[in-house]
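Structure data (mmCIF, C-alpha atoms and all ligand atoms) from my_file.cif:
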data_final
loop_
_atom_site.label_atom_id
_atom_site.label_comp_id
_atom_site.auth_asym_id
_atom_site.auth_seq_id
_atom_site.Cartn_x
_atom_site.Cartn_y
_atom_site.Cartn_z
CA MET A 29 -12.39 10.85 -16.52
CA THR A 30 -8.72 10.09 -15.90
CA THR A 31 -7.35 6.66 -16.50
CA LEU A 32 -3.74 5.70 -16.00
CA ASN A 33 -2.50 2.76 -18.01
CA ILE A 34 0.64 0.90 -17.05
CA ASP A 35 1.47 -1.36 -19.95
CA HIS A 36 4.16 -4.04 -19.56
CA VAL A 37 6.34 -1.65 -17.59
CA SER A 38 9.73 -2.69 -16.26
CA ARG A 39 12.42 -0.61 -14.64
CA TRP A 40 15.87 -1.71 -13.66
CA PHE A 41 18.76 0.03 -11.91
CA GLY A 42 22.01 -1.66 -12.98
CA ASN A 43 21.24 -5.29 -12.39
CA VAL A 44 18.45 -4.66 -9.84
CA VAL A 45 15.01 -5.19 -11.37
CA ALA A 46 12.80 -2.85 -9.31
CA VAL A 47 9.66 -3.26 -11.46
CA ASN A 48 9.16 -6.36 -13.55
CA ASP A 49 6.68 -6.34 -16.44
CA ILE A 50 3.73 -4.75 -14.63
CA THR A 51 0.45 -4.10 -16.40
CA MET A 52 -2.42 -2.39 -14.57
CA THR A 53 -5.11 0.22 -15.11
CA ILE A 54 -5.92 2.82 -12.47
CA GLY A 55 -9.26 4.59 -12.85
CA PRO A 56 -11.10 7.33 -10.93
CA GLY A 57 -11.59 6.84 -7.19
CA VAL A 58 -9.09 5.77 -4.56
CA THR A 59 -6.69 2.94 -5.35
CA GLY A 60 -4.27 1.44 -2.83
CA LEU A 61 -0.90 0.19 -4.06
CA LEU A 62 -0.04 -2.45 -1.48
CA GLY A 63 3.29 -4.19 -1.11
CA PRO A 64 6.11 -4.88 1.35
CA ASN A 65 9.17 -2.65 1.58
CA GLY A 66 11.29 -2.84 -1.54
CA ALA A 67 8.42 -4.16 -3.68
CA GLY A 68 8.89 -1.41 -6.24
CA LYS A 69 6.05 0.90 -5.18
CA SER A 70 8.09 4.14 -5.20
CA THR A 71 9.68 3.25 -8.54
CA LEU A 72 6.22 2.61 -9.99
CA ILE A 73 4.81 5.88 -8.59
CA ASN A 74 7.78 7.83 -9.96
CA MET A 75 7.10 6.38 -13.40
CA MET A 76 3.36 7.13 -13.09
CA GLY A 77 4.18 10.74 -12.21
CA GLY A 78 6.67 11.20 -15.04
CA PHE A 79 9.72 11.51 -12.74
CA LEU A 80 11.36 8.37 -14.05
CA ALA A 81 11.43 6.69 -17.46
CA PRO A 82 10.39 3.05 -17.73
CA SER A 83 13.21 0.81 -19.01
CA THR A 84 10.59 -0.90 -21.17
CA GLY A 85 6.82 -0.51 -21.52
CA THR A 86 4.67 2.61 -21.40
CA VAL A 87 2.75 4.69 -18.89
CA THR A 88 -0.11 6.68 -20.40
CA LEU A 89 -2.73 9.01 -18.96
CA ASP A 90 -5.92 8.99 -21.02
CA GLY A 91 -3.89 7.63 -23.92
CA GLN A 92 -1.06 10.16 -23.71
CA GLN A 93 2.45 9.08 -22.82
CA VAL A 94 3.51 10.48 -19.42
CA TRP A 95 7.31 10.44 -19.78
CA ARG A 96 8.76 13.66 -21.21
CA ASN A 97 5.31 15.06 -21.93
CA GLU A 98 5.21 18.46 -20.30
CA SER A 99 1.60 19.15 -21.24
CA ILE A 100 0.45 16.26 -19.08
CA TYR A 101 2.14 17.34 -15.85
CA LYS A 102 -0.55 19.92 -15.17
CA HIS A 103 -2.95 17.02 -14.66
CA ILE A 104 -0.71 15.19 -12.17
CA GLY A 105 -0.05 15.93 -8.51
CA ILE A 106 2.55 13.86 -6.69
CA VAL A 107 3.32 13.66 -2.96
CA PRO A 108 6.72 11.99 -2.61
CA GLU A 109 7.76 9.89 0.36
CA ARG A 110 10.92 11.82 1.14
CA GLU A 111 10.86 14.28 3.97
CA ALA A 112 13.12 16.96 2.51
CA MET A 113 11.45 20.37 2.29
CA TYR A 114 12.65 23.95 2.45
CA ASP A 115 12.32 24.24 6.21
CA PHE A 116 13.19 27.95 6.31
CA LEU A 117 10.03 28.84 4.36
CA THR A 118 6.58 29.18 5.88
CA GLY A 119 3.95 26.72 4.72
CA ARG A 120 2.32 29.43 2.63
CA GLU A 121 5.60 30.48 0.98
CA PHE A 122 6.29 26.84 0.11
CA VAL A 123 2.90 26.33 -1.52
CA VAL A 124 3.04 29.71 -3.30
CA ALA A 125 6.47 28.76 -4.73
CA ASN A 126 4.94 25.57 -6.13
CA ALA A 127 1.94 27.49 -7.47
CA GLU A 128 4.33 29.84 -9.30
CA LEU A 129 6.08 26.87 -10.91
CA HIS A 130 2.72 26.07 -12.46
CA GLY A 131 2.24 29.66 -13.56
CA LEU A 132 -0.37 30.23 -10.84
CA GLY A 133 -0.55 32.79 -8.08
CA ALA A 134 -1.22 33.17 -4.38
CA LYS A 135 -4.94 32.57 -4.86
CA ALA A 136 -4.41 28.98 -6.01
CA ALA A 137 -2.02 28.43 -3.09
CA GLN A 138 -4.61 29.76 -0.64
CA LYS A 139 -7.28 27.44 -2.01
CA ALA A 140 -4.99 24.42 -1.69
CA LEU A 141 -4.01 25.36 1.88
CA ALA A 142 -7.71 25.63 2.74
CA THR A 143 -8.40 22.20 1.22
CA VAL A 144 -5.84 20.57 3.54
CA GLU A 145 -6.97 22.73 6.51
CA MET A 146 -3.58 24.33 7.02
CA GLU A 147 -4.55 27.98 6.85
CA TYR A 148 -4.24 28.31 10.62
CA ALA A 149 -0.52 27.48 10.53
CA GLN A 150 0.38 28.77 7.08
CA ASP A 151 2.57 31.60 8.38
CA ARG A 152 4.72 29.40 10.59
CA LYS A 153 8.05 28.09 9.37
CA ILE A 154 7.97 24.52 8.11
CA SER A 155 10.76 23.69 10.58
CA THR A 156 8.18 24.07 13.39
CA TYR A 157 5.65 21.68 11.80
CA SER A 158 4.76 18.19 12.96
CA LYS A 159 5.10 15.30 10.52
CA GLY A 160 1.36 15.40 9.77
CA MET A 161 1.47 19.16 9.09
CA ARG A 162 4.42 18.74 6.74
CA GLN A 163 2.50 16.04 4.95
CA ARG A 164 -0.49 18.33 4.54
CA VAL A 165 1.64 21.13 3.15
CA LYS A 166 3.17 18.66 0.68
CA MET A 167 -0.43 17.72 -0.22
CA ALA A 168 -1.34 21.39 -0.73
CA SER A 169 1.64 21.78 -3.10
CA ALA A 170 0.53 18.73 -5.04
CA LEU A 171 -3.04 20.06 -5.25
CA VAL A 172 -2.24 23.65 -6.13
CA HIS A 173 -2.95 23.18 -9.86
CA ASP A 174 -6.09 21.12 -9.21
CA PRO A 175 -4.77 17.88 -10.78
CA SER A 176 -7.09 15.09 -11.83
CA LEU A 177 -4.49 12.44 -10.92
CA LEU A 178 -3.03 12.45 -7.42
CA LEU A 179 -0.17 10.08 -6.50
CA LEU A 180 0.97 9.68 -2.89
CA ASP A 181 3.93 7.58 -1.77
CA GLU A 182 3.41 6.09 1.73
CA PRO A 183 1.45 9.17 2.87
CA PHE A 184 0.50 7.74 6.28
CA ASN A 185 4.01 6.88 7.40
CA GLY A 186 4.77 8.35 10.81
CA MET A 187 1.32 9.93 11.25
CA ASP A 188 -0.60 9.69 14.48
CA PRO A 189 -4.15 8.24 14.36
CA ARG A 190 -5.86 11.62 14.21
CA GLN A 191 -3.68 12.88 11.37
CA ARG A 192 -4.23 9.58 9.59
CA MET A 193 -8.01 9.96 9.86
CA GLN A 194 -7.91 13.53 8.56
CA LEU A 195 -5.83 12.54 5.56
CA MET A 196 -8.09 9.56 4.88
CA ASP A 197 -11.11 11.87 4.88
CA LEU A 198 -9.39 14.22 2.49
CA LEU A 199 -8.37 11.46 0.06
CA ARG A 200 -11.86 9.96 0.23
CA ARG A 201 -13.28 13.35 -0.67
CA MET A 202 -10.86 13.63 -3.62
CA GLY A 203 -11.95 10.21 -4.83
CA ASP A 204 -15.64 11.09 -4.43
CA GLU A 205 -15.04 14.18 -6.57
CA GLY A 206 -14.03 11.86 -9.39
CA ARG A 207 -10.26 12.29 -9.20
CA THR A 208 -7.94 9.38 -9.69
CA VAL A 209 -6.12 8.97 -6.40
CA LEU A 210 -3.41 6.35 -5.87
CA PHE A 211 -1.52 5.88 -2.62
CA SER A 212 1.07 3.30 -1.64
CA SER A 213 1.30 1.46 1.64
CA HIS A 214 2.75 -1.69 3.14
CA ILE A 215 -0.10 -1.98 5.67
CA LEU A 216 -3.15 -4.00 4.62
CA GLU A 217 -5.53 -2.43 7.16
CA GLU A 218 -4.64 1.07 5.98
CA VAL A 219 -5.38 0.15 2.39
CA GLU A 220 -8.60 -1.67 3.34
CA GLN A 221 -9.96 1.34 5.19
CA LEU A 222 -9.54 3.72 2.31
CA ALA A 223 -9.12 2.10 -1.08
CA TRP A 224 -12.02 1.18 -3.32
CA HIS A 225 -9.61 -0.89 -5.32
CA ILE A 226 -6.30 -2.55 -4.40
CA GLU A 227 -3.29 -3.44 -6.52
CA VAL A 228 -0.73 -5.69 -4.85
CA VAL A 229 2.92 -5.66 -5.91
CA VAL A 230 5.63 -7.94 -4.53
CA ALA A 231 9.27 -8.13 -5.52
CA GLY A 232 8.66 -5.92 -8.54
CA ARG A 233 5.79 -8.03 -9.83
CA HIS A 234 2.04 -7.50 -9.96
CA ALA A 235 0.62 -10.08 -7.54
CA ALA A 236 -3.12 -9.42 -7.28
CA SER A 237 -5.81 -6.88 -7.96
CA GLY A 238 -9.38 -6.35 -6.75
CA ASP A 239 -11.52 -4.83 -4.03
CA PHE A 240 -10.55 -5.43 -0.40
CA ARG A 241 -12.93 -8.39 -0.08
CA LYS A 242 -11.18 -10.18 -2.89
CA ILE A 243 -7.70 -9.40 -1.52
CA ARG A 244 -8.76 -10.48 2.00
CA ARG A 245 -10.17 -13.70 0.57
CA LEU A 246 -6.97 -14.41 -1.32
CA MET A 247 -5.10 -13.89 1.92
CA THR A 248 -7.32 -16.04 4.14
CA ASP A 249 -7.72 -18.82 1.56
CA ARG A 250 -3.99 -19.48 1.44
CA PRO A 251 -2.57 -22.37 3.51
CA HIS A 252 -2.14 -21.28 7.13
CA ARG A 253 0.42 -22.70 9.52
CA TYR A 254 -0.16 -23.00 13.24
CA LEU A 255 1.90 -24.04 16.21
CA VAL A 256 -0.31 -25.94 18.66
CA ARG A 257 0.47 -27.28 22.12
CA SER A 258 -2.05 -29.43 23.94
CA SER A 259 -2.40 -31.89 26.79
CA ASP A 260 -2.15 -34.79 24.26
CA ASP A 261 -0.48 -33.77 20.99
CA ARG A 262 -0.51 -37.26 19.43
CA ALA A 263 -4.22 -37.84 20.00
CA LEU A 264 -4.99 -34.35 18.70
CA ALA A 265 -2.87 -34.95 15.58
CA ALA A 266 -4.62 -38.25 14.87
CA ALA A 267 -8.06 -36.65 15.17
CA LEU A 268 -7.22 -33.59 13.04
CA ILE A 269 -5.50 -35.32 10.14
CA ALA A 270 -8.72 -37.16 9.30
CA ASP A 271 -10.34 -33.84 8.33
CA PRO A 272 -9.83 -32.38 4.83
CA SER A 273 -9.19 -28.89 6.25
CA THR A 274 -5.81 -30.11 7.50
CA SER A 275 -3.17 -30.89 4.90
CA GLY A 276 -0.19 -31.72 7.09
CA ILE A 277 0.81 -32.23 10.70
CA GLU A 278 4.32 -32.53 12.05
CA VAL A 279 5.21 -33.39 15.63
CA ASP A 280 7.99 -31.00 16.62
CA LEU A 281 9.75 -32.84 19.42
CA ALA A 282 12.19 -30.02 20.18
CA GLU A 283 9.35 -27.49 20.60
CA GLY A 284 7.03 -30.02 22.22
CA ALA A 285 4.31 -28.90 19.83
CA LEU A 286 2.42 -29.72 16.65
CA ARG A 287 3.04 -27.83 13.44
CA ILE A 288 -0.20 -27.90 11.51
CA GLN A 289 -0.88 -26.75 7.96
CA ALA A 290 -4.53 -25.92 7.32
CA VAL A 291 -5.90 -25.40 3.82
CA ASP A 292 -9.38 -24.25 4.82
CA PHE A 293 -8.98 -21.45 7.32
CA GLY A 294 -12.65 -21.10 8.33
CA ARG A 295 -13.26 -24.82 8.70
CA PHE A 296 -10.03 -25.47 10.59
CA THR A 297 -10.58 -22.72 13.15
CA ALA A 298 -14.03 -24.17 13.91
CA LEU A 299 -12.74 -27.75 13.91
CA LEU A 300 -9.82 -27.41 16.29
CA PRO A 301 -11.73 -26.50 19.48
CA LYS A 302 -14.46 -29.02 18.65
CA VAL A 303 -12.00 -31.91 18.18
CA ALA A 304 -10.22 -30.97 21.40
CA ARG A 305 -13.51 -30.90 23.32
CA ASP A 306 -14.74 -34.21 21.85
CA HIS A 307 -11.50 -35.95 22.83
CA GLY A 308 -11.09 -34.33 26.23
CA ILE A 309 -7.84 -32.63 25.12
CA ARG A 310 -6.84 -29.26 26.55
CA LEU A 311 -5.42 -26.70 24.09
CA LEU A 312 -2.47 -24.88 25.67
CA THR A 313 -1.15 -22.80 22.76
CA VAL A 314 -2.58 -22.01 19.36
CA SER A 315 -0.51 -19.51 17.43
CA PRO A 316 -0.24 -18.76 13.74
CA SER A 317 3.35 -19.29 12.67
CA ASP A 318 3.40 -17.51 9.30
CA GLU A 319 1.12 -14.53 9.70
CA SER A 320 3.68 -11.95 8.65
CA LEU A 321 2.55 -9.81 5.76
CA GLU A 322 5.68 -10.92 3.92
CA SER A 323 4.52 -14.54 3.93
CA VAL A 324 1.06 -13.50 2.75
CA PHE A 325 2.64 -11.55 -0.08
CA SER A 326 4.94 -14.36 -1.12
CA TYR A 327 1.94 -16.68 -1.21
CA LEU A 328 0.10 -14.23 -3.49
CA VAL A 329 3.06 -14.11 -5.85
CA ALA A 330 3.36 -17.89 -5.98
CA ALA A 331 -0.39 -18.29 -6.64
N1 LIG B 1 17.82 4.71 -7.81
C1 LIG B 1 17.98 3.43 -7.52
N2 LIG B 1 19.16 2.81 -7.71
C2 LIG B 1 19.32 1.50 -7.42
N3 LIG B 1 18.34 0.69 -6.93
C3 LIG B 1 17.16 1.24 -6.71
C4 LIG B 1 16.89 2.63 -6.98
N4 LIG B 1 15.60 2.89 -6.66
C5 LIG B 1 15.08 1.73 -6.20
N5 LIG B 1 16.00 0.74 -6.23
C6 LIG B 1 15.78 -0.67 -5.84
O1 LIG B 1 14.59 -1.11 -6.45
C7 LIG B 1 13.82 -1.92 -5.56
C8 LIG B 1 12.43 -1.33 -5.36
O2 LIG B 1 12.54 -0.12 -4.64
P1 LIG B 1 11.32 0.86 -4.33
O3 LIG B 1 11.85 2.00 -3.52
O4 LIG B 1 10.62 1.18 -5.59
O5 LIG B 1 10.40 -0.07 -3.44
P2 LIG B 1 9.21 0.33 -2.45
O6 LIG B 1 8.16 -0.70 -2.62
O7 LIG B 1 8.82 1.73 -2.68
O8 LIG B 1 9.88 0.16 -1.05
P3 LIG B 1 9.91 1.18 0.19
O9 LIG B 1 8.53 1.18 0.73
O10 LIG B 1 10.91 0.53 1.10
O11 LIG B 1 10.36 2.50 -0.37
C9 LIG B 1 14.64 -2.03 -4.30
O12 LIG B 1 15.39 -3.22 -4.36
C10 LIG B 1 15.53 -0.82 -4.35
O13 LIG B 1 16.72 -1.05 -3.65
#

Please rewrite the model in this file as structure tokens.
Ligand SMILES: Nc1ncnc2c1ncn2[C@@H]1O[C@H](COP(=O)(O)OP(=O)(O)OP(=O)(O)O)[C@@H](O)[C@H]1O
Amino acid sequence: MTTLNIDHVSRWFGNVVAVNDITMTIGPGVTGLLGPNGAGKSTLINMMGGFLAPSTGTVTLDGQQVWRNESIYKHIGIVPEREAMYDFLTGREFVVANAELHGLGAKAAQKALATVEMEYAQDRKISTYSKGMRQRVKMASALVHDPSLLLLDEPFNGMDPRQRMQLMDLLRRMGDEGRTVLFSSHILEEVEQLAWHIEVVVAGRHAASGDFRKIRRLMTDRPHRYLVRSSDDRALAAALIADPSTSGIEVDLAEGALRIQAVDFGRFTALLPKVARDHGIRLLTVSPSDESLESVFSYLVAA
């Protein structure tokens, strides 16, 4: 069993607070670290992996401090976001070099290359690899010492759908084997597909935590804003405002549309077409006006 404990961890760079008093526990299985760009995910992962010291707070793995604790690194595998690799090496040479750093030999490297299904291309130079192949070789390097904690920073970035599916299968397998796998992403659907558990960070703070149903619910239960155009905006506004699912309606004269704030997503989306039908009003445009992930995240932080 491998449990990572992040206890009141903050990290700042000069006067930029990248991670602000985060406390979370990551257990076995696959966890998704979800947050928009700049949320502090990489900084957090670097502290989890022992690459970076927290400014305050502690990161421990099964009770042992991670920072400056060499004995613990053999339990941790980390796949960084950055692309840089020694392109002039073959995939096999790259993984063997990493195995040697851990005091292991070619056999461990071979096993890791087999796990990521890269044996077929192991003797080609990395410079000839696709993004997905590079990612898999990075994975093999991270797995060479058979770590119980695997940390991956935005591993799906730039992958095509097939490569994404292959990596998802591999991470799922690692989670099923009882490893603690944490990957970061700024894409909700990606995290939903793979993670048993989700931790949301926004602007350096811990915003929410739970399984994907809970995170989805938090996201759909927030107030939603819509821009609606119809054949009779005033009559539609009058009919909608009477219902408790609608908390505010503004007539936007410049846009020639209604700006509606709904507090009950499910009820409002059923109500709108019904009200229009009952009053003989034609709906011309119905578009969500704040569906960006950023707005969802800022709602979660404010909650
Ligand atoms: N070495 C550093 N020096 C100065 N500021 C930094 C450093 N590393 C990170 N930051 C800042 O800390 C904040 C969080 O960055 P971080 O890279 O951890 O976020 P992220 O969620 O991983 O975002 P992305 O997905 O864009 O990499 C950002 O404002 C970033 O500019």

(request) For a cut-off of 12 Å around (-3.9, 25.7, -2.8), file coordinates, pick out all residues using all atoms listed in the file and list them as a PyMOL selection string. (result) chain A and resi 105+119-128+130+132-147+150+164-175

Since we have the selection now, will you write its residues out, keeping C-alpha atoms, as a PDB file, in the frame of the given file?
ATOM      1  CA  GLY A 105      -0.050  15.930  -8.510  1.00  0.00           C
ATOM      2  CA  GLY A 119       3.950  26.720   4.720  1.00  0.00           C
ATOM      3  CA  ARG A 120       2.320  29.430   2.630  1.00  0.00           C
ATOM      4  CA  GLU A 121       5.600  30.480   0.980  1.00  0.00           C
ATOM      5  CA  PHE A 122       6.290  26.840   0.110  1.00  0.00           C
ATOM      6  CA  VAL A 123       2.900  26.330  -1.520  1.00  0.00           C
ATOM      7  CA  VAL A 124       3.040  29.710  -3.300  1.00  0.00           C
ATOM      8  CA  ALA A 125       6.470  28.760  -4.730  1.00  0.00           C
ATOM      9  CA  ASN A 126       4.940  25.570  -6.130  1.00  0.00           C
ATOM     10  CA  ALA A 127       1.940  27.490  -7.470  1.00  0.00           C
ATOM     11  CA  GLU A 128       4.330  29.840  -9.300  1.00  0.00           C
ATOM     12  CA  HIS A 130       2.720  26.070 -12.460  1.00  0.00           C
ATOM     13  CA  LEU A 132      -0.370  30.230 -10.840  1.00  0.00           C
ATOM     14  CA  GLY A 133      -0.550  32.790  -8.080  1.00  0.00           C
ATOM     15  CA  ALA A 134      -1.220  33.170  -4.380  1.00  0.00           C
ATOM     16  CA  LYS A 135      -4.940  32.570  -4.860  1.00  0.00           C
ATOM     17  CA  ALA A 136      -4.410  28.980  -6.010  1.00  0.00           C
ATOM     18  CA  ALA A 137      -2.020  28.430  -3.090  1.00  0.00           C
ATOM     19  CA  GLN A 138      -4.610  29.760  -0.640  1.00  0.00           C
ATOM     20  CA  LYS A 139      -7.280  27.440  -2.010  1.00  0.00           C
ATOM     21  CA  ALA A 140      -4.990  24.420  -1.690  1.00  0.00           C
ATOM     22  CA  LEU A 141      -4.010  25.360   1.880  1.00  0.00           C
ATOM     23  CA  ALA A 142      -7.710  25.630   2.740  1.00  0.00           C
ATOM     24  CA  THR A 143      -8.400  22.200   1.220  1.00  0.00           C
ATOM     25  CA  VAL A 144      -5.840  20.570   3.540  1.00  0.00           C
ATOM     26  CA  GLU A 145      -6.970  22.730   6.510  1.00  0.00           C
ATOM     27  CA  MET A 146      -3.580  24.330   7.020  1.00  0.00           C
ATOM     28  CA  GLU A 147      -4.550  27.980   6.850  1.00  0.00           C
ATOM     29  CA  GLN A 150       0.380  28.770   7.080  1.00  0.00           C
ATOM     30  CA  ARG A 164      -0.490  18.330   4.540  1.00  0.00           C
ATOM     31  CA  VAL A 165       1.640  21.130   3.150  1.00  0.00           C
ATOM     32  CA  LYS A 166       3.170  18.660   0.680  1.00  0.00           C
ATOM     33  CA  MET A 167      -0.430  17.720  -0.220  1.00  0.00           C
ATOM     34  CA  ALA A 168      -1.340  21.390  -0.730  1.00  0.00           C
ATOM     35  CA  SER A 169       1.640  21.780  -3.100  1.00  0.00           C
ATOM     36  CA  ALA A 170       0.530  18.730  -5.040  1.00  0.00           C
ATOM     37  CA  LEU A 171      -3.040  20.060  -5.250  1.00  0.00           C
ATOM     38  CA  VAL A 172      -2.240  23.650  -6.130  1.00  0.00           C
ATOM     39  CA  HIS A 173      -2.950  23.180  -9.860  1.00  0.00           C
ATOM     40  CA  ASP A 174      -6.090  21.120  -9.210  1.00  0.00           C
ATOM     41  CA  PRO A 175      -4.770  17.880 -10.780  1.00  0.00           C
TER      42      PRO A 175
END

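Note that the spacing between CA of Ile277 in chain A and CA of Ala265 in chain A amounts to 6.7 Å.
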
(request) Between A:Asn48, A:Val209, A:Leu195, A:Ala236, single out the one closest to Trp224 in chain A, counting only C-alpha atoms. (result) A:Val209

(request) May I have the residues within 9 Å of ligand LIG 1 (chain B), computed using only C-alpha atoms and all ligand atoms, as a PyMOL selection string? (result) chain A and resi 39-47+62-74+109+181-182+212-214+229-232

(message) Would you pick out the contacts of Val303 in chain A at 8 Å or less, using only C-alpha atoms, so that residues sharing its chain but fewer than 2 positions from it are not included, and give the list as a PyMOL selection string?
(response) chain A and resi 264+267-268+299-301+305-307

(request) Could you jot down the CA of Ala235 in chain A to CA of Arg200 in chain A separation for me, Å, one decimal place? (result) 24.9 Å

(message) I'd like the interatomic distance between CA of Ser275 in chain A and CA of Ser258 in chain A, to a tenth of an Å.
(response)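 Between these atoms lies a distance of 19.1 Å.
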
(request) Could you check which of A:Ser176, A:Gly186, A:Ile243, A:Phe116 is closest to Asp90 in chain A, using only C-alpha atoms? (result)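 Closest to Asp90 in chain A, using only C-alpha atoms: A:Ser176.
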
Can you patch up range 82-106 of chain A, filling it in to N, CA and C atoms, and show the result as a compact mmCIF listing (two decimals), in the coordinates of the input?
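Final output, saved to result.txt:
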# COMPACT_ATOMS: atom_id res chain seq x y z
N PRO A 82 10.37 4.52 -17.78
CA PRO A 82 10.39 3.05 -17.73
C PRO A 82 11.57 2.54 -18.57
N SER A 83 12.17 1.41 -18.17
CA SER A 83 13.21 0.81 -19.01
C SER A 83 12.56 0.21 -20.25
N THR A 84 11.41 -0.45 -20.03
CA THR A 84 10.59 -0.90 -21.17
C THR A 84 9.13 -0.70 -20.79
N GLY A 85 8.26 -0.68 -21.77
CA GLY A 85 6.82 -0.51 -21.52
C GLY A 85 6.45 0.97 -21.52
N THR A 86 5.13 1.22 -21.37
CA THR A 86 4.67 2.61 -21.40
C THR A 86 3.69 2.92 -20.28
N VAL A 87 3.74 4.18 -19.84
CA VAL A 87 2.75 4.69 -18.89
C VAL A 87 2.00 5.78 -19.63
N THR A 88 0.67 5.65 -19.72
CA THR A 88 -0.11 6.68 -20.40
C THR A 88 -1.26 7.16 -19.51
N LEU A 89 -1.60 8.43 -19.67
CA LEU A 89 -2.73 9.01 -18.96
C LEU A 89 -3.75 9.42 -20.03
N ASP A 90 -4.90 8.80 -19.98
CA ASP A 90 -5.92 8.99 -21.02
C ASP A 90 -5.30 8.91 -22.43
N GLY A 91 -4.46 7.90 -22.60
CA GLY A 91 -3.89 7.63 -23.92
C GLY A 91 -2.63 8.41 -24.26
N GLN A 92 -2.27 9.38 -23.41
CA GLN A 92 -1.06 10.16 -23.71
C GLN A 92 0.12 9.70 -22.87
N GLN A 93 1.24 9.51 -23.53
CA GLN A 93 2.45 9.08 -22.82
C GLN A 93 2.82 10.09 -21.73
N VAL A 94 3.20 9.59 -20.55
CA VAL A 94 3.51 10.48 -19.42
C VAL A 94 4.96 10.97 -19.48
N TRP A 95 5.89 10.08 -19.81
CA TRP A 95 7.31 10.44 -19.78
C TRP A 95 7.63 11.52 -20.81
N ARG A 96 8.32 12.56 -20.36
CA ARG A 96 8.76 13.66 -21.21
C ARG A 96 7.61 14.35 -21.95
N ASN A 97 6.46 14.42 -21.29
CA ASN A 97 5.31 15.06 -21.93
C ASN A 97 4.83 16.17 -21.02
N GLU A 98 5.44 17.35 -21.22
CA GLU A 98 5.21 18.46 -20.30
C GLU A 98 3.73 18.82 -20.16
N SER A 99 3.00 18.69 -21.26
CA SER A 99 1.60 19.15 -21.24
C SER A 99 0.76 18.31 -20.27
N ILE A 100 1.27 17.13 -19.93
CA ILE A 100 0.45 16.26 -19.08
C ILE A 100 0.70 16.52 -17.59
N TYR A 101 1.82 17.17 -17.27
CA TYR A 101 2.14 17.34 -15.85
C TYR A 101 1.13 18.23 -15.11
N LYS A 102 0.44 19.07 -15.86
CA LYS A 102 -0.55 19.92 -15.17
C LYS A 102 -1.76 19.12 -14.68
N HIS A 103 -1.85 17.87 -15.13
CA HIS A 103 -2.95 17.02 -14.66
C HIS A 103 -2.53 16.11 -13.50
N ILE A 104 -1.23 16.14 -13.17
CA ILE A 104 -0.71 15.19 -12.17
C ILE A 104 -0.19 15.92 -10.94
N GLY A 105 -0.61 15.43 -9.77
CA GLY A 105 -0.05 15.93 -8.51
C GLY A 105 0.64 14.77 -7.82
N ILE A 106 1.84 14.98 -7.31
CA ILE A 106 2.55 13.86 -6.69
C ILE A 106 3.07 14.28 -5.32
